[in-house]
file upload-v4.txt (compact mmCIF, C-alpha atoms and all ligand atoms)
# COMPACT_ATOMS: atom_id res chain seq x y z
CA MET A 5 69.95 161.23 80.44
CA VAL A 6 70.78 161.51 84.14
CA ILE A 7 67.70 161.51 86.34
CA GLN A 8 67.96 163.82 89.36
CA ASP A 9 67.61 162.44 92.87
CA ILE A 10 64.12 162.20 94.24
CA SER A 11 63.65 164.64 97.14
CA ASP A 12 61.69 163.59 100.24
CA ASN A 13 58.99 166.01 99.24
CA SER A 14 58.62 164.56 95.72
CA PHE A 15 58.70 161.02 97.14
CA ARG A 16 55.82 161.88 99.51
CA ARG A 17 53.81 163.54 96.74
CA PHE A 18 54.21 160.56 94.40
CA SER A 19 53.45 158.08 97.22
CA LYS A 20 50.21 159.92 97.96
CA LEU A 21 49.24 160.15 94.29
CA ILE A 22 49.97 156.43 93.70
CA HIS A 23 48.09 155.38 96.80
CA GLU A 24 45.08 157.51 95.95
CA SER A 25 45.07 156.33 92.34
CA CYS A 26 45.45 152.57 92.80
CA GLY A 27 45.95 151.62 96.45
CA ILE A 28 49.63 150.68 96.04
CA ASN A 29 51.42 151.60 99.23
CA LEU A 30 55.00 152.80 98.69
CA HIS A 31 56.32 153.58 102.14
CA ASP A 32 59.70 155.13 103.04
CA GLY A 33 61.71 151.95 102.35
CA LYS A 34 60.54 152.02 98.71
CA LYS A 35 62.23 155.26 97.67
CA GLU A 36 64.87 153.55 95.52
CA LEU A 37 62.26 151.34 93.87
CA MET A 38 60.16 154.39 93.02
CA ARG A 39 63.21 156.24 91.70
CA ALA A 40 64.16 153.34 89.44
CA ARG A 41 60.67 152.64 88.10
CA LEU A 42 59.55 156.21 87.54
CA GLY A 43 63.01 157.09 86.24
CA LYS A 44 62.54 154.62 83.39
CA ARG A 45 59.33 156.31 82.30
CA MET A 46 60.84 159.78 82.74
CA ARG A 47 63.72 158.85 80.45
CA GLU A 48 61.23 157.76 77.79
CA ILE A 49 59.60 161.18 77.76
CA GLY A 50 62.83 163.15 78.26
CA CYS A 51 62.16 164.47 81.74
CA ASN A 52 64.93 164.36 84.36
CA SER A 53 63.27 166.00 87.36
CA PHE A 54 60.72 164.28 89.63
CA ASN A 55 59.20 167.64 90.43
CA ASP A 56 58.65 168.38 86.72
CA TYR A 57 57.31 164.87 86.14
CA PHE A 58 54.76 165.32 88.92
CA HIS A 59 53.49 168.48 87.19
CA ILE A 60 53.40 166.76 83.78
CA ILE A 61 51.05 164.17 85.26
CA LYS A 62 48.92 166.74 87.05
CA ASP A 63 48.65 169.01 83.98
CA ASP A 64 47.76 166.16 81.62
CA GLN A 65 44.00 166.57 81.12
CA THR A 66 43.74 163.24 79.25
CA GLY A 67 44.95 161.28 82.31
CA GLU A 68 47.18 159.21 80.01
CA GLU A 69 50.43 160.05 81.77
CA LEU A 70 48.93 158.96 85.09
CA VAL A 71 48.14 155.58 83.47
CA LYS A 72 51.73 155.35 82.16
CA MET A 73 53.10 156.24 85.57
CA LEU A 74 50.98 153.51 87.22
CA ASP A 75 52.16 151.08 84.52
CA ALA A 76 55.73 151.91 85.46
CA VAL A 77 55.27 151.58 89.19
CA SER A 78 53.28 148.32 89.40
CA THR A 79 54.93 144.97 90.10
CA ASN A 80 53.78 142.49 87.47
CA MET A 81 55.62 139.31 88.38
CA THR A 82 53.54 136.26 87.56
CA SER A 83 53.83 132.80 86.01
CA PHE A 84 51.76 129.98 84.53
CA PHE A 85 50.24 127.68 87.15
CA ARG A 86 51.58 129.79 89.98
CA GLU A 87 50.45 128.54 93.40
CA GLU A 88 48.99 125.38 91.96
CA GLU A 89 47.35 124.36 95.24
CA HIS A 90 44.40 126.57 94.30
CA PHE A 91 43.79 124.47 91.21
CA GLN A 92 43.95 121.30 93.29
CA PHE A 93 41.51 122.85 95.76
CA MET A 94 39.05 123.61 92.97
CA LYS A 95 39.29 120.12 91.58
CA LYS A 96 38.55 118.54 94.94
CA ASN A 97 35.97 120.94 96.29
CA LEU A 98 34.40 122.91 93.51
CA PHE A 99 34.15 120.77 90.46
CA PRO A 100 31.85 118.21 92.07
CA LEU A 101 29.47 121.11 92.79
CA TYR A 102 29.79 122.42 89.26
CA GLU A 103 28.67 119.10 87.85
CA LYS A 104 25.22 120.10 89.05
CA LYS A 105 25.30 123.49 87.41
CA LYS A 106 24.68 122.29 83.90
CA SER A 107 22.32 125.06 82.94
CA GLU A 108 24.04 127.95 84.68
CA GLY A 109 27.09 129.86 83.61
CA LEU A 110 30.36 129.62 85.53
CA ARG A 111 32.10 132.93 86.13
CA PHE A 112 35.71 133.43 87.24
CA TRP A 113 37.60 136.64 87.85
CA SER A 114 41.36 137.00 87.72
CA ALA A 115 41.69 140.33 89.53
CA GLY A 116 45.18 141.72 88.94
CA CYS A 117 45.86 139.32 86.05
CA SER A 118 49.16 140.89 84.95
CA SER A 119 50.35 139.59 81.55
CA GLY A 120 47.72 136.83 81.37
CA GLU A 121 49.49 133.75 82.72
CA GLU A 122 46.98 133.37 85.57
CA PRO A 123 43.72 133.52 83.54
CA TYR A 124 45.17 131.38 80.73
CA SER A 125 46.30 128.77 83.29
CA LEU A 126 42.78 128.80 84.67
CA ALA A 127 41.27 128.43 81.19
CA MET A 128 43.49 125.43 80.35
CA TRP A 129 42.75 123.90 83.72
CA LEU A 130 39.01 124.29 83.25
CA ARG A 131 39.14 122.82 79.74
CA ASP A 132 41.00 119.79 81.05
CA ASN A 133 39.14 119.25 84.30
CA LEU A 134 35.49 120.12 83.81
CA SER A 135 33.64 117.14 82.46
CA GLU A 136 31.21 117.21 79.55
CA ASN A 137 28.34 117.40 82.04
CA VAL A 138 29.24 120.86 83.21
CA SER A 139 27.92 124.05 81.72
CA LYS A 140 29.65 125.11 78.53
CA ASP A 141 28.96 128.72 79.44
CA ILE A 142 32.30 129.53 81.07
CA LYS A 143 33.78 133.00 81.25
CA ILE A 144 36.96 134.29 82.86
CA ILE A 145 37.12 138.03 83.32
CA ALA A 146 40.74 139.11 83.67
CA THR A 147 41.51 142.63 84.82
CA ASP A 148 44.50 144.76 85.65
CA ILE A 149 45.26 148.43 86.11
CA SER A 150 48.30 148.32 83.83
CA THR A 151 47.59 148.83 80.14
CA LYS A 152 51.09 147.59 79.36
CA VAL A 153 50.53 144.11 80.83
CA LEU A 154 46.97 143.94 79.50
CA SER A 155 48.16 144.36 75.94
CA LEU A 156 50.71 141.55 76.44
CA ALA A 157 47.96 139.41 77.93
CA ALA A 158 45.56 140.03 75.06
CA ARG A 159 48.30 139.17 72.57
CA GLY A 160 48.93 135.85 74.36
CA VAL A 161 52.42 135.23 72.96
CA TYR A 162 55.07 134.02 75.42
CA PRO A 163 58.76 133.18 75.13
CA ALA A 164 59.90 129.58 75.75
CA LYS A 165 61.27 130.51 79.19
CA THR A 166 57.81 131.64 80.34
CA VAL A 167 56.01 128.46 79.26
CA GLN A 168 58.56 126.11 80.84
CA LYS A 169 56.28 125.18 83.74
CA ILE A 170 53.37 124.19 81.51
CA PRO A 171 53.11 120.40 81.19
CA ALA A 172 54.19 119.24 77.71
CA TYR A 173 50.76 117.85 76.79
CA GLN A 174 49.07 121.20 77.58
CA LEU A 175 51.69 123.12 75.66
CA ARG A 176 51.02 120.94 72.62
CA LYS A 177 47.26 121.11 73.05
CA TYR A 178 46.76 124.78 73.81
CA PHE A 179 49.68 126.66 72.19
CA GLN A 180 50.93 127.19 68.67
CA CYS A 181 54.67 126.94 68.40
CA GLY A 182 56.21 129.86 66.49
CA VAL A 183 58.20 129.32 63.31
CA ASN A 184 60.71 131.49 61.42
CA SER A 185 60.78 134.95 63.05
CA GLN A 186 58.47 133.66 65.81
CA LYS A 187 60.70 130.69 66.67
CA GLY A 188 61.06 130.33 70.43
CA PHE A 189 57.63 131.88 71.06
CA TYR A 190 54.32 130.20 71.90
CA ARG A 191 50.89 131.59 71.07
CA VAL A 192 47.81 130.72 73.14
CA LYS A 193 45.23 129.03 70.91
CA LYS A 194 41.87 130.63 70.17
CA GLU A 195 39.83 128.06 72.11
CA ILE A 196 41.63 129.18 75.30
CA LYS A 197 41.65 132.88 74.43
CA ASP A 198 37.92 132.77 73.80
CA LEU A 199 37.31 131.86 77.44
CA VAL A 200 39.07 134.98 78.70
CA GLU A 201 37.94 138.58 78.47
CA PHE A 202 40.56 141.19 79.40
CA ARG A 203 39.50 144.56 80.77
CA ARG A 204 41.19 147.45 82.48
CA GLN A 205 39.83 147.71 86.02
CA ASN A 206 41.29 149.63 88.92
CA LEU A 207 40.61 147.52 92.00
CA THR A 208 40.22 150.63 94.12
CA ALA A 209 37.43 151.97 91.85
CA PRO A 210 33.82 150.71 91.83
CA PHE A 211 33.14 147.46 89.92
CA ASN A 212 30.26 146.97 87.55
CA PHE A 213 30.20 143.48 86.08
CA GLY A 214 26.45 142.96 86.11
CA PHE A 215 26.82 139.40 87.46
CA CYS A 216 28.44 137.55 90.36
CA PHE A 217 31.48 135.28 90.29
CA ASP A 218 31.87 131.66 91.35
CA VAL A 219 35.56 132.17 92.06
CA ILE A 220 37.71 135.28 92.36
CA PHE A 221 41.47 134.97 92.11
CA CYS A 222 42.96 138.06 93.71
CA ARG A 223 46.46 136.81 94.26
CA ASN A 224 49.59 138.78 95.02
CA VAL A 225 47.85 142.12 94.52
CA MET A 226 46.79 143.15 98.00
CA ILE A 227 50.31 142.69 99.38
CA TYR A 228 51.03 146.10 97.85
CA PHE A 229 48.01 147.72 99.55
CA ASN A 230 47.69 149.12 103.04
CA GLN A 231 45.13 147.80 105.49
CA GLU A 232 42.44 150.32 104.58
CA SER A 233 42.66 149.68 100.81
CA ARG A 234 42.77 145.94 101.43
CA GLU A 235 39.60 146.00 103.52
CA ALA A 236 37.79 148.17 100.99
CA LEU A 237 38.76 145.80 98.15
CA ILE A 238 37.71 142.65 100.04
CA LYS A 239 34.37 144.24 100.87
CA ARG A 240 33.66 145.07 97.22
CA ALA A 241 34.99 141.73 95.96
CA THR A 242 32.73 139.92 98.46
CA HIS A 243 29.81 141.82 96.99
CA CYS A 244 30.72 140.42 93.54
CA LEU A 245 30.83 136.80 94.77
CA ARG A 246 27.76 134.62 94.56
CA ASP A 247 26.74 132.86 97.80
CA GLY A 248 29.03 129.86 98.20
CA GLY A 249 31.62 131.48 95.91
CA TYR A 250 35.34 131.51 96.72
CA LEU A 251 38.01 134.16 97.06
CA MET A 252 41.58 132.95 96.52
CA VAL A 253 44.40 135.19 97.68
CA GLY A 254 48.15 134.67 97.30
CA HIS A 255 49.84 132.16 99.60
CA ALA A 256 51.92 134.90 101.16
CA GLU A 257 48.73 136.83 101.93
CA SER A 258 46.15 136.33 104.63
CA LEU A 259 42.99 138.14 105.62
CA ASN A 260 44.03 137.85 109.29
CA GLY A 261 43.55 141.15 111.03
CA THR A 262 41.41 142.39 108.12
CA LYS A 263 37.68 143.01 108.60
CA HIS A 264 35.66 140.77 106.26
CA ARG A 265 32.54 138.58 106.09
CA LEU A 266 34.08 135.54 104.42
CA LYS A 267 34.57 132.12 105.95
CA TYR A 268 38.16 130.90 106.24
CA ILE A 269 38.42 127.52 104.50
CA GLN A 270 42.17 126.89 104.35
CA PRO A 271 45.24 129.10 103.95
CA SER A 272 44.54 131.64 101.19
CA VAL A 273 41.02 130.29 100.44
CA TYR A 274 37.83 131.97 101.70
CA ARG A 275 34.15 131.37 101.00
CA LYS A 276 31.11 133.63 100.99
CA GLU A 277 28.47 131.92 103.12
C1 LIG A 301 52.37 140.67 91.22
S1 LIG A 301 51.14 140.77 89.99
C2 LIG A 301 50.19 139.32 90.36
C3 LIG A 301 49.65 138.66 89.12
C4 LIG A 301 48.85 137.38 89.35
N1 LIG A 301 47.64 137.64 90.09
C5 LIG A 301 49.68 136.34 90.05
O1 LIG A 301 49.45 136.06 91.25
O2 LIG A 301 50.60 135.79 89.44
C6 LIG A 301 50.10 142.08 90.64
C7 LIG A 301 49.23 142.72 89.56
O3 LIG A 301 48.27 143.57 90.21
C8 LIG A 301 48.09 144.73 89.45
N2 LIG A 301 47.54 145.81 90.29
C9 LIG A 301 48.14 146.49 91.28
N3 LIG A 301 47.32 147.42 91.79
C10 LIG A 301 46.15 147.32 91.09
C11 LIG A 301 44.91 148.01 91.14
N4 LIG A 301 44.68 149.00 91.99
N5 LIG A 301 43.95 147.64 90.28
C12 LIG A 301 44.16 146.64 89.40
N6 LIG A 301 45.30 145.94 89.29
C13 LIG A 301 46.30 146.29 90.14
C14 LIG A 301 49.49 145.04 88.92
O4 LIG A 301 49.45 145.86 87.76
C15 LIG A 301 50.03 143.63 88.65
O5 LIG A 301 49.86 143.26 87.30
call {"tool": "encode", "arguments": {"input": "upload-v4.txt", "output": "structure tokens", "more": "lines below"}}
Ligand SMILES: C[S@@+](CC[C@H](N)C(=O)[O-])C[C@H]1O[C@@H](n2cnc3c(N)ncnc32)[C@H](O)[C@@H]1O
result
Amino acid sequence: MVIQDISDNSFRRFSKLIHESCGINLHDGKKELMRARLGKRMREIGCNSFNDYFHIIKDDQTGEELVKMLDAVSTNMTSFFREEEHFQFMKKNLFPLYEKKKSEGLRFWSAGCSSGEEPYSLAMWLRDNLSENVSKDIKIIATDISTKVLSLAARGVYPAKTVQKIPAYQLRKYFQCGVNSQKGFYRVKKEIKDLVEFRRQNLTAPFNFGFCFDVIFCRNVMIYFNQESREALIKRATHCLRDGGYLMVGHAESLNGTKHRLKYIQPSVYRKE
């Protein structure tokens, strides 16, 4: 099926809808990207006009097509142990503090977790680096707006290419190697899965976790937001951090020029005082 060109008017309408729905900012330079990503979804449902597709989304009372459209438009690139400096930072600066927190729970949030590589890396890291003295009550909440990546994450099965960066001893310890039809695939073991709870959460909508986090990973998500959405997200994330808790953003991101109440610790690491 040949998808029609996207008119300037349709591009503007989709940009506005996407921004209002999830904060992702697709400015003029992103027209081709939008055309390619939405076009894929349109082909799946047999629609070749952007104008018609816009009305399909608007007329869908269930809201499901909006979710599918946001699935199609989001960038989900991720990897195991991406930006490892954050793990080193935690080992040096946080774990000594955690040794004292024997009786309290430790709460982590992977906000914009994509297909699960980030929260599973964190879970393996915590298993290997927190000593016996530290609380056993550890929970990683992992959220994303995309239902597509969340179902991959919950499944926890990755091809060999994806697990390449995981050190061999961790791969042996925390993954089951597929056999027969599953050859070439690796499944995250239950002891790691049990530490992670996946949920759908739009970062531009209100949060309601009922507790505060020790560390929030919000990495490589805000780069797609404009200044206003970024500030609103940081404000609400700060509210969800306990005093002394940390916000980690991607290394290509910075809160420079963004209003916030966090203390800068080092590039891409901030603390709530
Ligand atoms: C590039 S990935 C980053 C994944 C991981 N944090 C990392 O650094 O490897 C960005 C993720 O943010 C998610 N995302 C984008 N906008 C979002 C929103 N408004 N609410 C929740 N998740 C969002 C996307 O679906 C995508 O999976």
call {"tool": "residues_around", "arguments": {"input": "upload-v4.txt", "residues": "Cys51 (chain A)", "least_positions_apart": "4", "cutoff": "12 Å", "atoms": "all atoms listed in the file", "output": "number ranges by chain"}}
result
A: 5-8, 42-47, 55-61
call {"tool": "closest_residue", "arguments": {"input": "upload-v4.txt", "among": "A:Lys263, A:Arg111, A:Lys72, A:Arg203", "to": "Leu237 (chain A)", "atoms": "only C-alpha atoms"}}
result
A:Lys263
call {"tool": "residues_around", "arguments": {"input": "upload-v4.txt", "residues": "region 170-174 of chain A", "least_positions_apart": "2", "cutoff": "8 Å", "atoms": "only C-alpha atoms", "output": "number ranges by chain"}}
result
A: 84-85, 128, 167-168, 176-179
call {"tool": "closest_atom_pairs", "arguments": {"input": "upload-v4.txt", "of": "chain A", "to": "ligand LIG 301 (chain A)", "cutoff": "6 Å", "atoms": "only C-alpha atoms and all ligand atoms", "output": "Markdown table"}}
result
| residue | atom | partner | partner_atom | distance |
| --- | --- | --- | --- | --- |
| A:Cys26 | CA | A:LIG301 | N4 | 3.7 |
| A:Gly27 | CA | A:LIG301 | N4 | 5.3 |
| A:Ile28 | CA | A:LIG301 | N3 | 5.8 |
| A:Ser78 | CA | A:LIG301 | O4 | 4.8 |
| A:Thr79 | CA | A:LIG301 | C1 | 5.1 |
| A:Asn80 | CA | A:LIG301 | O5 | 4.0 |
| A:Met81 | CA | A:LIG301 | C1 | 4.5 |
| A:Thr82 | CA | A:LIG301 | O2 | 3.5 |
| A:Ser83 | CA | A:LIG301 | O2 | 5.6 |
| A:Gly116 | CA | A:LIG301 | O3 | 3.8 |
| A:Cys117 | CA | A:LIG301 | N1 | 4.7 |
| A:Ser118 | CA | A:LIG301 | O5 | 3.4 |
| A:Glu122 | CA | A:LIG301 | C4 | 5.8 |
| A:Asp148 | CA | A:LIG301 | N6 | 3.9 |
| A:Ile149 | CA | A:LIG301 | C12 | 3.9 |
| A:Ser150 | CA | A:LIG301 | O4 | 4.8 |
| A:Gln205 | CA | A:LIG301 | C12 | 5.6 |
| A:Asn206 | CA | A:LIG301 | N5 | 3.6 |
| A:Leu207 | CA | A:LIG301 | N5 | 3.8 |
| A:Thr208 | CA | A:LIG301 | N4 | 5.2 |
| A:Cys222 | CA | A:LIG301 | N1 | 5.9 |
| A:Arg223 | CA | A:LIG301 | O1 | 4.3 |
| A:Asn224 | CA | A:LIG301 | O1 | 4.7 |
| A:Val225 | CA | A:LIG301 | C6 | 4.5 |
call {"tool": "atom_distance", "arguments": {"input": "upload-v4.txt", "atom1": "CA of Lys165 (chain A)", "atom2": "CA of Lys193 (chain A)"}}
result
18.1 Å
call {"tool": "residues_around", "arguments": {"input": "upload-v4.txt", "residues": "His23 (chain A)", "least_positions_apart": "6", "cutoff": "9 Å", "atoms": "only C-alpha atoms", "output": "count of residues only"}}
result
5
call {"tool": "residues_near_point", "arguments": {"input": "upload-v4.txt", "point": "(33.2, 139.1, 98.0)", "cutoff": "12 Å", "atoms": "all atoms listed in the file", "output": "PyMOL selection string"}}
result
chain A and resi 113+211+216-222+235-253+264-267+274-277
call {"tool": "write_last_selection", "arguments": {"input": "upload-v4.txt", "atoms": "C-alpha atoms", "output": "PDB file, keeping the file's coordinate frame"}}
result
ATOM      1  CA  TRP A 113      37.600 136.640  87.850  1.00  0.00           C
ATOM      2  CA  PHE A 211      33.140 147.460  89.920  1.00  0.00           C
ATOM      3  CA  CYS A 216      28.440 137.550  90.360  1.00  0.00           C
ATOM      4  CA  PHE A 217      31.480 135.280  90.290  1.00  0.00           C
ATOM      5  CA  ASP A 218      31.870 131.660  91.350  1.00  0.00           C
ATOM      6  CA  VAL A 219      35.560 132.170  92.060  1.00  0.00           C
ATOM      7  CA  ILE A 220      37.710 135.280  92.360  1.00  0.00           C
ATOM      8  CA  PHE A 221      41.470 134.970  92.110  1.00  0.00           C
ATOM      9  CA  CYS A 222      42.960 138.060  93.710  1.00  0.00           C
ATOM     10  CA  GLU A 235      39.600 146.000 103.520  1.00  0.00           C
ATOM     11  CA  ALA A 236      37.790 148.170 100.990  1.00  0.00           C
ATOM     12  CA  LEU A 237      38.760 145.800  98.150  1.00  0.00           C
ATOM     13  CA  ILE A 238      37.710 142.650 100.040  1.00  0.00           C
ATOM     14  CA  LYS A 239      34.370 144.240 100.870  1.00  0.00           C
ATOM     15  CA  ARG A 240      33.660 145.070  97.220  1.00  0.00           C
ATOM     16  CA  ALA A 241      34.990 141.730  95.960  1.00  0.00           C
ATOM     17  CA  THR A 242      32.730 139.920  98.460  1.00  0.00           C
ATOM     18  CA  HIS A 243      29.810 141.820  96.990  1.00  0.00           C
ATOM     19  CA  CYS A 244      30.720 140.420  93.540  1.00  0.00           C
ATOM     20  CA  LEU A 245      30.830 136.800  94.770  1.00  0.00           C
ATOM     21  CA  ARG A 246      27.760 134.620  94.560  1.00  0.00           C
ATOM     22  CA  ASP A 247      26.740 132.860  97.800  1.00  0.00           C
ATOM     23  CA  GLY A 248      29.030 129.860  98.200  1.00  0.00           C
ATOM     24  CA  GLY A 249      31.620 131.480  95.910  1.00  0.00           C
ATOM     25  CA  TYR A 250      35.340 131.510  96.720  1.00  0.00           C
ATOM     26  CA  LEU A 251      38.010 134.160  97.060  1.00  0.00           C
ATOM     27  CA  MET A 252      41.580 132.950  96.520  1.00  0.00           C
ATOM     28  CA  VAL A 253      44.400 135.190  97.680  1.00  0.00           C
ATOM     29  CA  HIS A 264      35.660 140.770 106.260  1.00  0.00           C
ATOM     30  CA  ARG A 265      32.540 138.580 106.090  1.00  0.00           C
ATOM     31  CA  LEU A 266      34.080 135.540 104.420  1.00  0.00           C
ATOM     32  CA  LYS A 267      34.570 132.120 105.950  1.00  0.00           C
ATOM     33  CA  TYR A 274      37.830 131.970 101.700  1.00  0.00           C
ATOM     34  CA  ARG A 275      34.150 131.370 101.000  1.00  0.00           C
ATOM     35  CA  LYS A 276      31.110 133.630 100.990  1.00  0.00           C
ATOM     36  CA  GLU A 277      28.470 131.920 103.120  1.00  0.00           C
TER      37      GLU A 277
END
call {"tool": "residues_around", "arguments": {"input": "upload-v4.txt", "residues": "Asp9 (chain A)", "least_positions_apart": "4", "cutoff": "8 Å", "atoms": "all atoms listed in the file", "output": "PyMOL selection string"}}
result
chain A and resi 39+53-54
call {"tool": "closest_residue", "arguments": {"input": "upload-v4.txt", "among": "A:Ile196, A:Thr66, A:Val77, A:Asp141", "to": "Ser125 (chain A)", "atoms": "all atoms listed in the file"}}
result
A:Ile196
call {"tool": "atom_distance", "arguments": {"input": "upload-v4.txt", "atom1": "CA of Phe93 (chain A)", "atom2": "CA of Val273 (chain A)"}}
result
8.8 Å
call {"tool": "residues_around", "arguments": {"input": "upload-v4.txt", "residues": "Val192 (chain A)", "least_positions_apart": "4", "cutoff": "9 Å", "atoms": "only C-alpha atoms", "output": "PDB file with C-alpha atoms, in the coordinates of the input"}}
result
ATOM      1  CA  TYR A 124      45.170 131.380  80.730  1.00  0.00           C
ATOM      2  CA  ARG A 159      48.300 139.170  72.570  1.00  0.00           C
ATOM      3  CA  GLY A 160      48.930 135.850  74.360  1.00  0.00           C
ATOM      4  CA  VAL A 161      52.420 135.230  72.960  1.00  0.00           C
ATOM      5  CA  TYR A 162      55.070 134.020  75.420  1.00  0.00           C
ATOM      6  CA  LEU A 175      51.690 123.120  75.660  1.00  0.00           C
ATOM      7  CA  TYR A 178      46.760 124.780  73.810  1.00  0.00           C
ATOM      8  CA  PHE A 179      49.680 126.660  72.190  1.00  0.00           C
ATOM      9  CA  GLN A 180      50.930 127.190  68.670  1.00  0.00           C
ATOM     10  CA  ILE A 196      41.630 129.180  75.300  1.00  0.00           C
ATOM     11  CA  LYS A 197      41.650 132.880  74.430  1.00  0.00           C
TER      12      LYS A 197
END
call {"tool": "atom_distance", "arguments": {"input": "upload-v4.txt", "atom1": "CA of Ser114 (chain A)", "atom2": "CA of Met73 (chain A)"}}
result
22.6 Å
call {"tool": "residues_near_point", "arguments": {"input": "upload-v4.txt", "point": "(47.0, 144.4, 78.6)", "cutoff": "8 Å", "atoms": "all atoms listed in the file", "output": "list in words"}}
result
Ser118, Ser119, Asp148, Ser150, Thr151, Lys152, Val153, Leu154, Ser155, Leu156, Ala157, Ala158, Phe202, Arg203 and Arg204 of chain A
call {"tool": "closest_residue", "arguments": {"input": "upload-v4.txt", "among": "A:Ile49, A:Leu259, A:Met38, A:Ile22", "to": "Ile10 (chain A)", "atoms": "all atoms listed in the file"}}
result
A:Met38
call {"tool": "closest_residue", "arguments": {"input": "upload-v4.txt", "among": "A:Leu126, A:Ala146, A:Glu68, A:Phe112", "to": "Phe91 (chain A)", "atoms": "all atoms listed in the file"}}
result
A:Leu126
